[in-house]
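What follows is query.cif (mmCIF, C-alpha atoms).
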data_structure
#
loop_
_atom_site.label_atom_id
_atom_site.label_comp_id
_atom_site.auth_asym_id
_atom_site.auth_seq_id
_atom_site.Cartn_x
_atom_site.Cartn_y
_atom_site.Cartn_z
CA MET A 6 -51.35 24.64 -36.32
CA ALA A 7 -50.35 27.85 -37.97
CA GLY A 8 -46.66 28.76 -37.76
CA ALA A 9 -44.29 31.48 -38.84
CA GLU A 10 -43.69 31.91 -42.57
CA MET A 11 -40.66 29.96 -43.80
CA ASP A 12 -38.60 30.12 -46.99
CA PRO A 13 -39.94 27.43 -49.39
CA GLN A 14 -36.47 25.97 -50.04
CA VAL A 15 -35.72 25.76 -46.31
CA ALA A 16 -39.12 24.16 -45.73
CA LEU A 17 -38.47 21.58 -48.46
CA GLY A 18 -35.12 20.66 -46.94
CA LEU A 19 -36.63 20.29 -43.47
CA PHE A 20 -39.49 18.24 -44.89
CA GLU A 21 -37.10 15.81 -46.56
CA GLU A 22 -34.56 15.57 -43.74
CA GLY A 23 -36.76 16.01 -40.67
CA ALA A 24 -38.66 13.28 -38.85
CA THR A 25 -42.43 12.87 -39.21
CA LEU A 26 -45.12 11.84 -36.74
CA VAL A 27 -48.18 10.47 -38.54
CA LEU A 28 -50.99 10.41 -35.97
CA LEU A 29 -54.20 9.05 -37.47
CA GLY A 30 -57.70 9.28 -36.03
CA VAL A 31 -56.97 11.92 -33.37
CA PRO A 32 -60.39 13.41 -32.51
CA GLU A 33 -61.06 17.01 -33.43
CA GLY A 34 -60.64 19.30 -30.43
CA THR A 35 -57.95 17.17 -28.79
CA GLU A 36 -55.18 19.24 -27.20
CA LEU A 37 -51.92 18.02 -28.70
CA GLY A 38 -48.42 19.39 -28.68
CA ILE A 39 -44.75 18.66 -29.16
CA ASP A 40 -42.08 20.07 -26.88
CA TYR A 41 -42.89 23.67 -25.97
CA LYS A 42 -45.93 24.19 -28.23
CA SER A 43 -49.46 22.80 -28.19
CA TRP A 44 -52.55 23.18 -30.37
CA GLN A 45 -56.18 22.16 -30.58
CA VAL A 46 -56.50 19.51 -33.27
CA GLY A 47 -58.59 20.42 -36.30
CA PRO A 48 -60.55 18.16 -38.69
CA ARG A 49 -57.69 17.86 -41.20
CA PHE A 50 -54.94 16.99 -38.71
CA ARG A 51 -52.86 13.88 -39.48
CA GLY A 52 -49.61 14.57 -37.65
CA VAL A 53 -46.48 16.73 -37.40
CA LYS A 54 -43.71 17.09 -40.00
CA MET A 55 -40.23 18.65 -40.29
CA ILE A 56 -39.24 17.59 -36.76
CA PRO A 57 -35.53 18.10 -36.04
CA PRO A 58 -33.63 14.98 -34.89
CA GLY A 59 -33.16 14.44 -31.16
CA ILE A 60 -35.21 14.18 -27.98
CA HIS A 61 -38.81 15.42 -28.11
CA PHE A 62 -41.83 15.31 -25.81
CA LEU A 63 -45.16 14.55 -27.47
CA HIS A 64 -48.12 15.36 -25.22
CA TYR A 65 -51.90 15.36 -25.56
CA SER A 66 -55.18 15.59 -23.64
CA SER A 67 -58.48 14.14 -24.76
CA VAL A 68 -61.43 16.55 -24.76
CA ASN A 69 -65.15 15.83 -24.38
CA SER A 70 -67.45 17.13 -27.09
CA ASN A 71 -69.12 20.49 -26.48
CA SER A 72 -72.43 18.70 -25.95
CA CYS A 73 -70.82 16.85 -23.02
CA GLY A 74 -69.28 19.93 -21.47
CA GLY A 75 -66.02 20.14 -23.44
CA GLU A 76 -63.97 19.07 -20.42
CA VAL A 77 -60.24 18.50 -20.93
CA GLY A 78 -58.75 15.26 -19.63
CA PRO A 79 -55.41 14.91 -17.82
CA ARG A 80 -52.32 15.35 -19.95
CA ARG A 81 -50.36 12.34 -21.15
CA GLY A 82 -47.05 12.35 -22.94
CA LEU A 83 -43.99 10.42 -23.96
CA PHE A 84 -40.39 11.17 -24.81
CA LEU A 85 -39.31 10.23 -28.33
CA SER A 86 -35.80 10.10 -29.73
CA LEU A 87 -36.17 10.81 -33.44
CA LYS A 88 -33.67 10.26 -36.25
CA PRO A 89 -33.39 12.17 -39.55
CA ARG A 90 -36.12 11.16 -42.04
CA GLU A 91 -37.67 8.78 -39.48
CA LEU A 92 -41.42 8.17 -39.65
CA ILE A 93 -43.38 7.22 -36.54
CA LEU A 94 -46.93 5.96 -37.09
CA ALA A 95 -49.69 5.86 -34.48
CA HIS A 96 -53.48 5.41 -34.40
CA TRP A 97 -55.85 6.91 -31.86
CA ASP A 98 -57.37 4.29 -29.54
CA LYS A 99 -60.92 5.51 -28.83
CA LYS A 100 -61.42 3.16 -25.89
CA GLU A 101 -58.21 4.12 -24.08
CA GLU A 102 -58.27 7.73 -25.36
CA ASP A 103 -54.59 7.33 -26.12
CA LEU A 104 -52.21 6.97 -29.04
CA ASP A 105 -51.30 3.43 -30.06
CA PHE A 106 -47.84 3.23 -31.62
CA SER A 107 -47.93 -0.48 -32.45
CA ALA A 108 -48.45 0.40 -36.13
CA SER A 109 -44.84 1.65 -36.21
CA GLU A 110 -43.74 -1.98 -35.86
CA ASN A 111 -45.63 -2.92 -39.03
CA LEU A 112 -42.91 -2.25 -41.61
CA GLU A 113 -45.28 -2.78 -44.52
CA GLU A 114 -47.75 -0.16 -43.26
CA VAL A 115 -44.97 2.28 -42.42
CA ALA A 116 -43.50 1.87 -45.93
CA ARG A 117 -46.93 2.50 -47.45
CA VAL A 118 -47.41 5.70 -45.45
CA GLN A 119 -43.84 6.79 -46.26
CA ALA A 120 -44.47 6.34 -49.97
CA GLY A 121 -47.55 8.57 -49.79
CA LEU A 122 -46.02 11.20 -47.53
CA ARG A 123 -46.14 13.99 -50.13
CA GLU A 124 -49.89 13.45 -50.61
CA LEU A 125 -50.23 13.65 -46.82
CA ASP A 126 -48.17 16.85 -46.59
CA SER A 127 -51.08 19.30 -46.44
CA TYR A 128 -52.55 17.38 -43.48
CA LEU A 129 -49.34 17.59 -41.42
CA GLY A 130 -48.59 20.55 -39.17
CA PRO A 131 -45.00 21.89 -39.24
CA TYR A 132 -42.79 21.59 -36.18
CA PRO A 133 -42.81 24.94 -34.26
CA TYR A 134 -39.25 26.08 -34.97
CA GLU A 135 -39.87 29.37 -33.16
CA THR A 136 -39.70 27.42 -29.87
CA LEU A 137 -36.80 25.10 -30.79
CA ARG A 138 -34.09 27.20 -29.13
CA LYS A 139 -36.01 27.25 -25.86
CA TRP A 140 -36.66 23.49 -26.04
CA VAL A 141 -32.99 22.70 -26.67
CA SER A 142 -31.94 24.91 -23.75
CA LEU A 143 -34.21 22.86 -21.45
CA THR A 144 -33.05 19.44 -22.69
CA ASP A 145 -29.44 19.79 -23.85
CA ARG A 146 -28.23 17.38 -21.11
CA LEU A 147 -30.99 14.84 -21.71
CA ASN A 148 -30.26 11.91 -24.02
CA GLN A 149 -32.22 8.90 -25.21
CA GLU A 150 -30.78 6.49 -22.63
CA VAL A 151 -31.53 8.75 -19.66
CA ALA A 152 -35.08 9.50 -20.87
CA ALA A 153 -35.80 5.80 -21.53
CA GLY A 154 -34.50 4.85 -18.10
CA LEU A 155 -36.65 7.42 -16.28
CA GLN A 156 -39.85 7.13 -18.32
CA PRO A 157 -42.49 4.74 -16.87
CA LEU A 158 -42.46 1.17 -18.18
CA SER A 159 -45.92 1.87 -19.57
CA GLY A 160 -44.30 4.40 -21.90
CA ARG A 161 -46.55 7.25 -20.77
CA VAL A 162 -45.90 10.21 -18.50
CA CYS A 163 -49.27 11.05 -16.89
CA ALA A 164 -50.30 14.20 -15.07
CA PHE A 165 -52.38 12.15 -12.63
CA SER A 166 -51.32 8.86 -11.11
CA ASP A 167 -53.13 5.73 -12.26
CA VAL A 168 -54.02 4.12 -8.93
CA VAL A 169 -55.55 0.77 -7.95
CA PRO A 170 -56.58 -0.66 -4.54
CA GLU A 171 -53.81 -2.38 -2.60
CA LEU A 172 -56.28 -5.16 -1.77
CA GLN A 173 -59.28 -6.33 -3.77
CA LEU A 174 -61.99 -6.31 -1.08
CA THR A 175 -65.13 -6.98 -3.10
CA HIS A 176 -67.27 -8.50 -0.33
CA THR A 177 -67.80 -7.79 3.36
CA LYS A 178 -66.22 -11.13 4.29
CA ASP A 179 -63.06 -10.02 2.52
CA ARG A 180 -62.83 -7.01 4.83
CA VAL A 181 -63.50 -9.16 7.90
CA GLU A 182 -60.65 -11.48 6.93
CA GLN A 183 -58.32 -8.47 6.80
CA ASN A 184 -59.56 -7.18 10.20
CA LEU A 185 -60.99 -4.06 8.51
CA PRO A 186 -64.25 -2.30 9.47
CA ARG A 187 -67.38 -3.63 7.77
CA ASN A 188 -69.12 -1.50 5.16
CA ASP A 189 -72.65 -2.57 6.00
CA THR A 190 -72.88 -0.57 9.24
CA GLN A 191 -73.14 3.17 9.85
CA CYS A 192 -69.93 5.09 10.58
CA GLN A 193 -69.69 6.52 14.08
CA THR A 194 -66.62 8.71 13.64
CA MET A 195 -64.66 10.42 10.86
CA LYS A 196 -61.70 8.12 11.54
CA GLU A 197 -63.88 5.07 11.09
CA GLY A 198 -65.13 6.43 7.80
CA LEU A 199 -61.58 7.09 6.57
CA ASP A 200 -60.52 3.60 7.63
CA ARG A 201 -63.19 2.12 5.37
CA LEU A 202 -61.79 3.82 2.29
CA PRO A 203 -59.61 1.53 0.19
CA ARG A 204 -55.86 2.04 0.39
CA MET A 205 -54.59 2.91 -3.04
CA LYS A 206 -51.27 2.35 -4.79
CA GLN A 207 -49.92 3.43 -8.14
CA ARG A 208 -50.55 0.92 -10.90
CA GLU A 209 -47.43 -1.10 -11.56
CA GLY A 210 -45.51 0.15 -14.57
CA THR A 211 -46.90 3.70 -14.48
CA GLU A 212 -44.37 5.14 -12.01
CA LEU A 213 -41.65 7.55 -13.07
CA ARG A 214 -38.38 5.75 -12.38
CA PHE A 215 -36.43 8.52 -10.71
CA SER A 216 -33.17 7.94 -8.87
CA GLN A 217 -33.68 7.11 -5.21
CA ILE A 218 -32.12 9.77 -3.00
CA PRO A 219 -30.44 7.97 -0.05
CA LYS A 220 -32.44 8.07 3.17
CA GLN A 221 -29.28 7.54 5.22
CA MET A 222 -27.00 10.51 4.59
CA TYR A 223 -23.91 9.08 6.35
CA PRO A 224 -21.75 5.95 5.87
CA PRO A 225 -22.23 2.78 7.94
CA GLY A 226 -20.41 2.88 11.24
CA ALA A 227 -20.15 6.68 11.22
CA THR A 228 -19.27 8.43 14.46
CA PRO A 229 -21.62 11.09 15.88
CA ALA A 230 -19.28 13.79 14.56
CA GLN A 231 -19.35 12.24 11.07
CA ILE A 232 -23.12 11.97 11.16
CA THR A 233 -23.38 15.67 11.99
CA GLN A 234 -20.94 16.56 9.23
CA CYS A 235 -22.80 14.45 6.63
CA SER A 236 -26.06 16.07 7.67
CA MET A 237 -24.66 19.53 6.90
CA ASP A 238 -22.63 18.56 3.83
CA LEU A 239 -24.57 16.09 1.64
CA SER A 240 -21.61 15.09 -0.55
CA TYR A 241 -21.65 11.50 0.73
CA ALA A 242 -25.33 11.11 -0.20
CA LEU A 243 -24.65 12.65 -3.63
CA SER A 244 -21.80 10.20 -4.23
CA CYS A 245 -24.06 7.30 -3.26
CA LEU A 246 -26.74 8.46 -5.70
CA LEU A 247 -24.22 8.77 -8.54
CA GLU A 248 -22.75 5.36 -7.73
CA ASN A 249 -26.12 3.62 -7.52
CA HIS A 250 -27.98 5.27 -10.40
CA HIS A 251 -25.52 7.07 -12.68
CA LYS A 252 -22.39 4.98 -12.41
CA GLU A 253 -19.59 5.96 -14.75
CA GLU A 254 -18.37 3.00 -16.81
CA PRO A 255 -15.25 3.71 -18.93
CA LEU A 256 -15.26 2.29 -22.44
CA ASN A 257 -12.41 0.17 -23.78
CA VAL A 258 -11.95 2.41 -26.82
CA LEU A 259 -8.60 0.91 -27.86
CA ALA A 260 -9.93 -2.66 -27.98
CA ALA A 261 -12.97 -1.50 -29.94
CA CYS A 262 -10.79 0.35 -32.44
CA LYS A 263 -8.79 -2.82 -33.16
CA ALA A 264 -12.06 -4.46 -34.20
CA CYS A 265 -12.81 -1.60 -36.59
CA GLY A 266 -11.49 -1.15 -40.08
CA PRO A 267 -8.75 1.47 -40.69
CA GLY A 268 -11.23 4.04 -41.97
CA GLU A 269 -13.62 3.52 -39.09
CA ALA A 270 -11.20 3.80 -36.18
CA VAL A 271 -10.94 7.60 -36.07
CA VAL A 272 -14.73 8.00 -36.28
CA TYR A 273 -15.16 5.46 -33.50
CA VAL A 274 -12.64 7.20 -31.24
CA VAL A 275 -14.35 10.58 -31.70
CA SER A 276 -17.84 9.15 -31.16
CA SER A 277 -16.67 7.16 -28.14
CA VAL A 278 -15.11 10.21 -26.51
CA LEU A 279 -18.34 12.14 -27.08
CA TRP A 280 -20.32 9.24 -25.65
CA VAL A 281 -18.16 9.15 -22.51
CA LEU A 282 -18.78 12.88 -22.07
CA ILE A 283 -22.52 12.54 -22.65
CA SER A 284 -23.11 9.42 -20.57
CA SER A 285 -20.90 10.25 -17.58
CA GLY A 286 -22.60 10.10 -14.21
CA ALA A 287 -22.60 13.88 -13.76
CA ALA A 288 -24.12 14.51 -17.18
CA CYS A 289 -26.80 11.87 -16.59
CA LEU A 290 -27.73 13.46 -13.26
CA LEU A 291 -28.19 16.83 -14.96
CA GLY A 292 -30.22 15.02 -17.62
CA GLU A 293 -32.47 13.65 -14.87
CA LEU A 294 -32.85 17.17 -13.46
CA GLN A 295 -33.99 18.36 -16.90
CA PHE A 296 -36.28 15.34 -17.36
CA ALA A 297 -38.03 16.07 -14.05
CA PHE A 298 -38.40 19.77 -14.89
CA VAL A 299 -39.92 19.07 -18.32
CA CYS A 300 -42.32 16.49 -16.85
CA PHE A 301 -43.53 19.15 -14.42
CA LEU A 302 -43.48 22.21 -16.65
CA ILE A 303 -45.00 20.62 -19.76
CA GLY A 304 -46.36 17.28 -18.51
CA ASN A 305 -48.05 18.81 -15.40
CA VAL A 306 -46.61 16.07 -13.15
CA TYR A 307 -46.36 17.40 -9.60
CA GLU A 308 -44.35 14.38 -8.44
CA ALA A 309 -41.65 15.41 -10.92
CA PHE A 310 -41.49 18.89 -9.37
CA GLU A 311 -40.97 17.39 -5.92
CA HIS A 312 -38.16 15.21 -7.23
CA TRP A 313 -36.59 18.21 -8.97
CA LYS A 314 -36.57 20.08 -5.66
CA LYS A 315 -34.96 17.15 -3.82
CA LEU A 316 -32.27 16.71 -6.46
CA LEU A 317 -31.53 20.41 -6.45
CA ALA A 318 -31.29 20.52 -2.65
CA LEU A 319 -28.91 17.55 -2.68
CA LEU A 320 -26.66 19.21 -5.26
CA CYS A 321 -26.65 22.64 -3.61
CA LYS A 322 -25.86 21.32 -0.12
CA SER A 323 -22.85 19.18 -1.15
CA GLU A 324 -19.85 21.34 -0.22
CA GLU A 325 -17.05 18.84 -0.82
CA ALA A 326 -18.58 17.72 -4.11
CA MET A 327 -18.27 21.27 -5.44
CA LYS A 328 -14.50 21.06 -4.98
CA GLU A 329 -14.25 17.66 -6.69
CA ARG A 330 -16.87 17.90 -9.46
CA LYS A 331 -16.33 21.26 -11.13
CA ASP A 332 -17.93 20.19 -14.43
CA LEU A 333 -21.09 18.98 -12.69
CA TYR A 334 -21.63 22.34 -11.00
CA LEU A 335 -20.74 24.43 -14.04
CA GLY A 336 -23.39 22.39 -15.86
CA LEU A 337 -25.85 22.87 -13.00
CA ILE A 338 -25.58 26.66 -13.27
CA SER A 339 -26.28 26.46 -17.01
CA VAL A 340 -29.28 24.16 -16.48
CA LEU A 341 -30.77 26.36 -13.75
CA TYR A 342 -30.23 29.54 -15.75
CA HIS A 343 -32.58 28.28 -18.47
CA GLN A 344 -35.05 26.55 -16.15
CA LEU A 345 -35.60 29.53 -13.87
CA GLY A 346 -36.39 31.70 -16.86
CA GLU A 347 -39.56 29.65 -17.39
CA ILE A 348 -41.15 30.06 -13.96
CA PRO A 349 -42.56 33.17 -12.19
CA PRO A 350 -40.25 34.37 -9.37
CA ASP A 351 -42.89 33.90 -6.66
CA PHE A 352 -43.68 30.34 -7.72
CA PHE A 353 -41.38 28.80 -5.12
CA VAL A 354 -42.78 30.75 -2.17
CA ASP A 355 -44.51 28.51 0.36
CA ILE A 356 -48.10 29.69 0.81
CA VAL A 357 -48.08 29.05 4.57
CA SER A 358 -44.56 29.97 5.71
CA GLN A 359 -43.82 32.52 2.93
CA ASN A 360 -40.33 30.98 2.71
CA ASN A 361 -38.84 30.70 -0.77
CA PHE A 362 -37.45 27.19 -1.22
CA LEU A 363 -35.20 28.23 -4.07
CA THR A 364 -33.55 31.25 -2.43
CA SER A 365 -32.72 29.28 0.71
CA THR A 366 -31.37 26.36 -1.32
CA LEU A 367 -29.29 28.56 -3.64
CA GLN A 368 -28.05 30.50 -0.65
CA ASP A 369 -26.26 27.35 0.47
CA PHE A 370 -24.94 26.84 -3.06
CA PHE A 371 -23.49 30.35 -3.35
CA GLN A 372 -21.96 30.15 0.11
CA PHE A 373 -20.18 26.87 -0.67
CA ALA A 374 -19.21 27.99 -4.20
CA GLY A 375 -17.40 30.98 -2.69
CA GLY A 376 -15.51 28.87 -0.17
CA PRO A 377 -11.85 27.77 -0.20
CA GLY A 378 -10.83 24.96 -2.52
CA VAL A 379 -13.49 25.68 -5.16
CA ASP A 380 -12.29 26.01 -8.74
CA LYS A 381 -11.75 29.61 -9.80
CA ALA A 382 -13.91 29.28 -12.94
CA LEU A 383 -16.79 27.79 -10.93
CA ARG A 384 -16.55 30.52 -8.30
CA LYS A 385 -16.64 33.23 -10.97
CA ARG A 386 -19.58 31.61 -12.79
CA ALA A 387 -21.50 31.28 -9.50
CA GLU A 388 -20.93 34.97 -8.71
CA LYS A 389 -22.30 35.99 -12.12
CA PHE A 390 -25.31 33.68 -11.71
CA LYS A 391 -26.01 35.11 -8.26
CA ALA A 392 -25.87 38.65 -9.63
CA HIS A 393 -28.19 37.67 -12.49
CA LEU A 394 -30.81 36.18 -10.13
CA THR A 395 -30.56 39.12 -7.74
CA LYS A 396 -31.15 41.58 -10.57
CA LYS A 397 -33.88 39.63 -12.38
CA PHE A 398 -35.90 38.27 -9.45
CA ARG A 399 -34.73 40.59 -6.65
CA TRP A 400 -33.98 37.62 -4.46
CA ASP A 401 -31.91 38.29 -1.34
CA PHE A 402 -29.06 35.81 -0.90
CA GLU A 403 -27.34 37.82 1.85
CA ALA A 404 -29.85 37.15 4.64
CA ASP A 405 -28.68 35.22 7.70
CA LEU A 406 -28.55 31.51 7.00
CA ASP A 407 -30.89 29.38 9.08
CA ASP A 408 -28.27 26.66 8.79
CA CYS A 409 -26.13 28.56 11.28
CA ALA A 410 -28.52 27.26 13.92
CA PRO A 411 -27.74 23.91 15.56
CA VAL A 412 -28.48 20.91 13.35
CA VAL A 413 -30.49 18.16 15.02
CA VAL A 414 -29.64 14.71 13.68
CA GLU A 415 -30.80 11.25 14.67
CA LEU A 416 -28.08 8.86 15.78
CA PRO A 417 -28.16 5.20 14.68
CA GLU A 418 -29.56 2.74 17.18
CA GLY A 419 -26.97 1.86 19.84
CA VAL A 420 -24.79 4.95 19.26
CA THR A 421 -24.54 7.33 22.23
CA LEU A 422 -22.67 10.54 22.96
CA ASP A 423 -20.14 10.46 25.80
#
In structure tokens, how does this file's structure come out?
Amino acid sequence: MAGAEMDPQVALGLFEEGATLVLLGVPEGTELGIDYKSWQVGPRFRGVKMIPPGIHFLHYSSVNSNSCGGEVGPRRGLFLSLKPRELILAHWDKKEEDLDFSASENLEEVARVQAGLRELDSYLGPYPYETLRKWVSLTDRLNQEVAAGLQPLSGRVCAFSDVVPELQLTHTKDRVEQNLPRNDTQCQTMKEGLDRLPRMKQREGTELRFSQIPKQMYPPGATPAQITQCSMDLSYALSCLLENHHKEEPLNVLAACKACGPGEAVVYVVSSVLWVLISSGAACLLGELQFAFVCFLIGNVYEAFEHWKKLLALLCKSEEAMKERKDLYLGLISVLYHQLGEIPPDFFVDIVSQNNFLTSTLQDFFQFAGGPGVDKALRKRAEKFKAHLTKKFRWDFEADLDDCAPVVVELPEGVTLD
């Protein structure tokens, strides 16, 4: 875990004020990293020191010994919100091939490790400060509450889903009771063979808890004209998502201040205002967009990439929302600016159709951002972002929009056109 040379006084200050992850028993050769950097664990490794406060993503992959092929297992990770001088203690569980953080709840053991931290110093790798700026740019909208709400209940973000059979069909009679093909006869067709395979589901508690994008994009009782409009402008669906998953709840700051002492009131007002800004629905949605991107980019979770694409499409195709939620879309441009710098320009091109998902989605965004009623600052920022992407990636946003073609929408049951 070699890093760039650092001034000894600066290093001492970071050691004393930064957080520390003490990770005991991690097998040599394990791939382990924090945020945007990863290493192969050596024989002296005992953890990571000098970690700046805030949100971090610890990730690791178990590795077979060279005698067994040296294969690397799927990546696991977890988001941690660390405080100054905090110490987190974990032991490697050989059976589960995972880190067990239950030792952090043993205050006596934590205090013992804390007291001997200087003796442990030479066994701790320094946080990779050369990647901190990039990490902050990818997570500046992500806070502890959003990360905790999206992370699986199991506490682990896994590259591959942990699946179990929907039904436990141990014996042939169990399959007969469910009217399923028997396993003790020869398959006659491919379909019959596929039908015999168990139906799998993700193990409860291991799912990423992303916001559910509404399946119905229009309000109840909508007319055919309204249904068509809501299918072209997704602002209604975006409002539903914000209401259901990122609802803004104003704080009663004045009442809280009365409960504070005279010297505490000003601090409380300032912190409360910051909290309202940080935890507003728009900010939380951008935090979810960053969470999904990090889970894909660093955690190797494809499901997170798919959710990122759906969220982005919803945001970019919401014309009315752009007029009403200037701050959300100014933030979106900033988030995308940093995210798109981390992915090759041809990454979004569909292998079969050769269509670029991102250019077509952003084409809608730039068209709406340049329309009437959009805030002047947002329009100007969008124009600069468009010019930046055109120059850097040579993407063409001036091609004819496919959306100019008729939009086919399904009408609710019982609704007919005259």
Check: Expanded to explicit residues, what is the PyMOL selection byres ((chain A and resi 219-222) around 8) for this file, as a list in words?
Finding: Gln217, Ile218, Tyr223, Pro224, Ile232, Cys235, Ser236, Leu239, Tyr241, Ala242, Cys245 and Leu246 of chain A
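Applied to the shown file, the PyMOL selection byres ((chain A and resi 64) around 6) selects the residues Leu37, Gly38, Leu63, Tyr65, Arg81 and Gly82 of chain A.
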Using the selection just defined, write its residues with C-alpha atoms as a JSON list (two decimals), keeping the file's coordinate frame.
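In the end it all went to again.json:
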[["chain", "number", "residue", "atom", "x", "y", "z"],
["A", 37, "LEU", "CA", -51.92, 18.02, -28.70],
["A", 38, "GLY", "CA", -48.42, 19.39, -28.68],
["A", 63, "LEU", "CA", -45.16, 14.55, -27.47],
["A", 65, "TYR", "CA", -51.90, 15.36, -25.56],
["A", 81, "ARG", "CA", -50.36, 12.34, -21.15],
["A", 82, "GLY", "CA", -47.05, 12.35, -22.94]]
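Interatomic distance, CA of Cys321 (chain A) against CA of Arg146 (chain A): 18.3 Å.
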Next item on the list: In Å, rounded to a single decimal, give me how far CA of Ala95 (chain A) is from CA of Gly210 (chain A).
Entry: 21.1 Å
Check: Looking at all atoms listed in the file, which of A:Thr366, A:Ser216, A:Thr144, A:Thr228 is the one that sits closest to Lys252 (chain A)?
Finding: A:Ser216
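Taking CA of Lys396 (chain A) and CA of Tyr342 (chain A) as the two end points, the separation is 13.1 Å.
Within the file as shown, the PyMOL selection byres ((chain A and resi 199-206) around 6) identifies Val168, Val169, Pro170, Glu171, Lys196, Glu197, Gly198 and Gln207 of chain A.
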Next item on the list: Rank A:Arg123, A:His393, A:Arg214, A:Lys139 by their smallest atom-to-atom distance to Gly160 (chain A), using only C-alpha atoms, and report the top residue only.
Entry: A:Arg214
